[in-house]
Each structure stands twice: as C-alpha cells, then as structure tokens.
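Chemist: Got a structure for you, written out below as structure tokens; questions coming shortly.
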Amino acid sequence: MNSNDKQQSPDQAGERLTEETTQTVHLTQGEIHAIQKALLFLKFECEETESLLYAGSPLLNSALSKLREADVHGEYAKQFHSRPNPHAESFMRNKLERSYAEEHVPHEPTEAQLNDIWQSCMFPFGV
C-alpha cells in the first residue's frame, strides 16, 4: 500500500454491504477455540428451544466451518465429528421435538424441510 493511500471502509468506498461482504479478522487460537466451544454449546448443550434459530443457522454453520479450517486442531475436530454421536443426536432430536410441539404453525413441515433442518442443526456432525 502506498503511504498516500488511505484505507476506507466498504461503506466509505461506496460498496454495498451484504451478508456476503467479507472482512479480514485476526483471531488467536484461544479465540478460535472459545468461539467454536460457544457455538457447539449453543447447538448441543443449550436446552432452550429458541436456540434452534442459531443452532441451525447456515451463517453460523459456515462460520464454524471456517473456524475449523483455521484451527491448528481442525483435522482432529473433523475426524471427531465424522463419527456418529448418539448423545448429540438424541439431544437435538428432543430439542427439535419440543420446538415443534411449541410452534403454532398452520401446516406441517415436509419431510424434505425436516431433513434440511436436521442436517443444519446437527452440523458439524455428519448424519
């Protein structure tokens, strides 16, 4: 960068900010681990059914995937999450069932919708 060049935010540069706009973030390994643990807690330990909004979020799943890529122990985590986890599956199934019972929607979700929800909520575990 030239000393005369000023860094501008995307907004200042006239760019339109969207969910796909990327930013550079520098995290320590400790911060990466903390964020991953928080996301996994939200998904597989938090009892509140309202947490499913975040537990199944494609944006948070994408962030978790990127954090795993940056983690020095990411390969171990991928191997660990590639194995079945009956506890996580049972926990998520119970949380989803409670959520469906609490919902007041006029129609039942289709089998395809239920499968998509299941896959999103169970990430990073392959099911």
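Each chain in the structure tokens gets a letter, A, B, ..., in the order shown, and its residues are numbered from 1; ligands are numbered from 1 in order too.
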Please provide as a ChimeraX atom specification all residues within 12 Å of Glu31 of chain A, with the sequence filter that same-chain residues fewer than 6 positions apart are discarded (counting only C-alpha atoms).

Modeler: /A:25,37-38,67-68,70-71

Chemist: Find the residues around Ser62 of chain A up to 12 Å (only C-alpha atoms counted), leave out those fewer than 2 positions away in its own chain, and share them as a ChimeraX atom specification.

Modeler: /A:19-20,36,39,54-60,64-69,120,123-124

Chemist: Provide the atom CA of Asn61 of chain A to atom CA of Asn94 of chain A distance in Å, to one decimal place.

Modeler: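 Separation of atom CA of Asn61 of chain A and atom CA of Asn94 of chain A: 20.3 Å.
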
Chemist: Which is closer to Glu97 of chain A than all the others in A:Val127, A:Val72, A:Thr49, A:Gln113, using only C-alpha atoms?

Modeler: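 Of A:Val127, A:Val72, A:Thr49, A:Gln113, the one nearest Glu97 of chain A, counting only C-alpha atoms, is A:Thr49.
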
Chemist: Find the distance between atom CA of Lys43 of chain A and atom CA of His26 of chain A and write it in Å to one decimal.

Modeler: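 Atom CA of His26 of chain A lies 24.5 Å from atom CA of Lys43 of chain A.
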
Chemist: What parts of chain A does DSSP call alpha helix (DSSP H)? I'd like the answer as a count of residues only.

Modeler: 71

Chemist: Expressed in Å to a single decimal, how great is the separation between atom CA of Ala88 of chain A and atom CA of Asn115 of chain A?

Modeler: 16.1 Å

Chemist: So that I can check the surroundings of Pro86 of chain A, please list as a PyMOL selection string every protein, DNA and RNA residue that reaches within 12 Å of it, counting only C-alpha atoms and ignoring chain neighbours fewer than 3 positions away.

Modeler: chain A and resi 44+81+83+89-93+122+125-127
